[in-house]
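Take a look at the structure set out below.
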Amino acid sequence: QIKDELLEKFLRLGRFVCDFVREREKGCFADLVDPCSGYPVLTERGSTMYHEVSAMQTLLRYKTQTVGSGTGMCTVLIHPEWGERCYPASIITTASADIVEAALEAYGWDATLA
């Protein structure tokens, strides 16, 4: 149930950010990835999936752990502060960091982009 709630929160945030970005930077790409399927939410699906855990491991150098056995195995992301209690999800855009930060602030998210 908590994962469903987190997914809904992310989808609301992601749609808001993408709409905000597209309104302010015409022609800018902005989409969010459905963390359950690995496919884009707002644009046409391509032939490959975006793997959230692999992306976080590669881009942010987060550690992972394989759990389960046989066909029930999966890779779990280990967040440096929250451990396994994290829900990886991505918004991908060509917008400037200033526009993305403005979108997050307009949404009510207190965040500073590095």
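Each chain in the structure tokens gets a letter, A, B and so on, in the order shown; residues start at 1 in every chain, and ligands are counted from 1 in the order they appear.
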**OP:** Quick one: everything within 10 Å of A:Ser54, counting only C-alpha atoms, minus sequence neighbours fewer than 4 positions away in the same chain. Send it as a PyMOL selection string.
**Re:** chain A and resi 50+58-64+75-77
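Between A:Phe29 and the residues A:Phe10, A:Arg45, A:Ile91, A:Ala103, the shortest atom-to-atom distance, using only C-alpha atoms, involves A:Ile91.
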Against stretch 99-102 of chain A, which residues of stretch 5-74 of chain A fall within 10 Å? For each one I want the closest pair of atoms and the distance in Å (one decimal), counting only C-alpha atoms, rows by chain and increasing residue number, as a tab-separated table.
residue	atom	partner	partner_atom	distance
A:Val17	CA	A:Val100	CA	7.0
A:Cys18	CA	A:Val100	CA	8.8
A:Phe20	CA	A:Ile99	CA	8.3
A:Val21	CA	A:Ile99	CA	6.5
A:Arg22	CA	A:Ile99	CA	9.9
A:Arg24	CA	A:Ile99	CA	7.7
A:Glu25	CA	A:Ile99	CA	8.2
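Distance annotation: of A:Leu11, A:Leu6, A:Ile92, A:Met56, the residue with the minimal separation from A:Ile78 is A:Met56; atom set is only C-alpha atoms.
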Test item, strand (DSSP E or B) assignment across chain A, answer as an mmCIF file with N, CA, C and O atoms, in the first residue's frame:
data_model
loop_
_atom_site.group_PDB
_atom_site.id
_atom_site.type_symbol
_atom_site.label_atom_id
_atom_site.label_comp_id
_atom_site.auth_asym_id
_atom_site.auth_seq_id
_atom_site.Cartn_x
_atom_site.Cartn_y
_atom_site.Cartn_z
ATOM 1 N N ALA A 30 10.320 16.902 -21.656
ATOM 2 C CA ALA A 30 10.079 16.619 -20.240
ATOM 3 C C ALA A 30 9.120 15.442 -20.132
ATOM 4 O O ALA A 30 8.052 15.451 -20.722
ATOM 5 N N ASP A 31 9.533 14.426 -19.403
ATOM 6 C CA ASP A 31 8.682 13.262 -19.178
ATOM 7 C C ASP A 31 9.106 12.609 -17.878
ATOM 8 O O ASP A 31 10.188 12.860 -17.362
ATOM 9 N N LEU A 32 8.246 11.779 -17.364
ATOM 10 C CA LEU A 32 8.556 11.005 -16.182
ATOM 11 C C LEU A 32 8.473 9.536 -16.546
ATOM 12 O O LEU A 32 7.759 9.145 -17.459
ATOM 13 N N VAL A 33 9.234 8.751 -15.823
ATOM 14 C CA VAL A 33 9.284 7.317 -16.076
ATOM 15 C C VAL A 33 8.374 6.623 -15.070
ATOM 16 O O VAL A 33 8.454 6.885 -13.871
ATOM 17 N N PRO A 40 7.978 5.642 -20.489
ATOM 18 C CA PRO A 40 7.560 7.029 -20.275
ATOM 19 C C PRO A 40 6.054 7.128 -20.033
ATOM 20 O O PRO A 40 5.287 6.314 -20.534
ATOM 21 N N LYS A 63 24.571 1.871 -3.954
ATOM 22 C CA LYS A 63 24.805 0.432 -3.884
ATOM 23 C C LYS A 63 23.484 -0.303 -4.065
ATOM 24 O O LYS A 63 22.408 0.253 -3.887
ATOM 25 N N THR A 64 23.599 -1.574 -4.426
ATOM 26 C CA THR A 64 22.418 -2.423 -4.580
ATOM 27 C C THR A 64 22.656 -3.740 -3.864
ATOM 28 O O THR A 64 23.786 -4.086 -3.526
ATOM 29 N N GLN A 65 21.558 -4.447 -3.677
ATOM 30 C CA GLN A 65 21.625 -5.765 -3.065
ATOM 31 C C GLN A 65 20.627 -6.657 -3.783
ATOM 32 O O GLN A 65 19.495 -6.238 -4.051
ATOM 33 N N THR A 66 21.039 -7.872 -4.108
ATOM 34 C CA THR A 66 20.144 -8.830 -4.740
ATOM 35 C C THR A 66 19.464 -9.632 -3.643
ATOM 36 O O THR A 66 20.122 -10.145 -2.734
ATOM 37 N N VAL A 67 18.140 -9.692 -3.735
ATOM 38 C CA VAL A 67 17.367 -10.424 -2.731
ATOM 39 C C VAL A 67 16.508 -11.478 -3.419
ATOM 40 O O VAL A 67 16.197 -11.369 -4.599
ATOM 41 N N CYS A 74 15.362 -10.124 -7.191
ATOM 42 C CA CYS A 74 15.311 -8.751 -7.674
ATOM 43 C C CYS A 74 16.448 -7.959 -7.041
ATOM 44 O O CYS A 74 17.011 -8.370 -6.025
ATOM 45 N N THR A 75 16.771 -6.843 -7.658
ATOM 46 C CA THR A 75 17.829 -5.986 -7.159
ATOM 47 C C THR A 75 17.197 -4.812 -6.426
ATOM 48 O O THR A 75 16.320 -4.134 -6.960
ATOM 49 N N VAL A 76 17.655 -4.578 -5.222
ATOM 50 C CA VAL A 76 17.120 -3.523 -4.370
ATOM 51 C C VAL A 76 18.159 -2.418 -4.255
ATOM 52 O O VAL A 76 19.347 -2.686 -4.051
ATOM 53 N N LEU A 77 17.701 -1.190 -4.385
ATOM 54 C CA LEU A 77 18.567 -0.031 -4.261
ATOM 55 C C LEU A 77 18.839 0.254 -2.791
ATOM 56 O O LEU A 77 17.931 0.163 -1.955
ATOM 57 N N ILE A 78 20.078 0.612 -2.475
ATOM 58 C CA ILE A 78 20.442 0.972 -1.108
ATOM 59 C C ILE A 78 20.789 2.461 -1.100
ATOM 60 O O ILE A 78 21.848 2.873 -1.561
ATOM 61 N N HIS A 79 19.879 3.274 -0.593
ATOM 62 C CA HIS A 79 20.087 4.721 -0.507
ATOM 63 C C HIS A 79 21.088 4.999 0.618
ATOM 64 O O HIS A 79 21.026 4.356 1.669
ATOM 65 N N GLY A 83 18.706 3.702 3.294
ATOM 66 C CA GLY A 83 18.859 2.262 3.102
ATOM 67 C C GLY A 83 17.901 1.729 2.048
ATOM 68 O O GLY A 83 17.748 2.321 0.983
ATOM 69 N N ILE A 91 12.357 11.867 -13.341
ATOM 70 C CA ILE A 91 11.820 12.821 -14.295
ATOM 71 C C ILE A 91 13.001 13.183 -15.187
ATOM 72 O O ILE A 91 14.073 13.515 -14.693
ATOM 73 N N ILE A 92 12.800 13.099 -16.483
ATOM 74 C CA ILE A 92 13.876 13.376 -17.439
ATOM 75 C C ILE A 92 13.476 14.594 -18.259
ATOM 76 O O ILE A 92 12.372 14.648 -18.803
ATOM 77 N N THR A 93 14.385 15.576 -18.336
ATOM 78 C CA THR A 93 14.078 16.801 -19.070
ATOM 79 C C THR A 93 15.342 17.438 -19.623
ATOM 80 O O THR A 93 16.438 17.212 -19.094
#
**OP:** Could you pull out the residues in chain A that DSSP calls alpha helix (DSSP H) from the backbone, as JSON, numbers by chain?
**Re:** {"A": [2, 3, 4, 5, 6, 7, 8, 9, 10, 11, 12, 13, 14, 15, 16, 17, 18, 19, 20, 21, 22, 23, 24, 52, 53, 54, 55, 56, 57, 58, 59, 97, 98, 99, 100, 101, 102, 103, 104, 105, 106, 107]}
Original post:
How far is it from atom CA of A:Cys36 to atom CA of A:Ala95, in Å with one decimal?
Top reply: 24.6 Å
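For the choices A:Ser90, A:Thr71, A:Gln1, A:Thr48, the atom-to-atom distance to A:Asp34 is smallest for A:Ser90 when using only C-alpha atoms.
Going from atom CA of A:Gly68 over to atom CA of A:Leu7, you cover 23.1 Å.
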Original post:
So how many Å separate atom CA of A:Ala97 and atom CA of A:Gly46, to one decimal?
Top reply: 25.6 Å
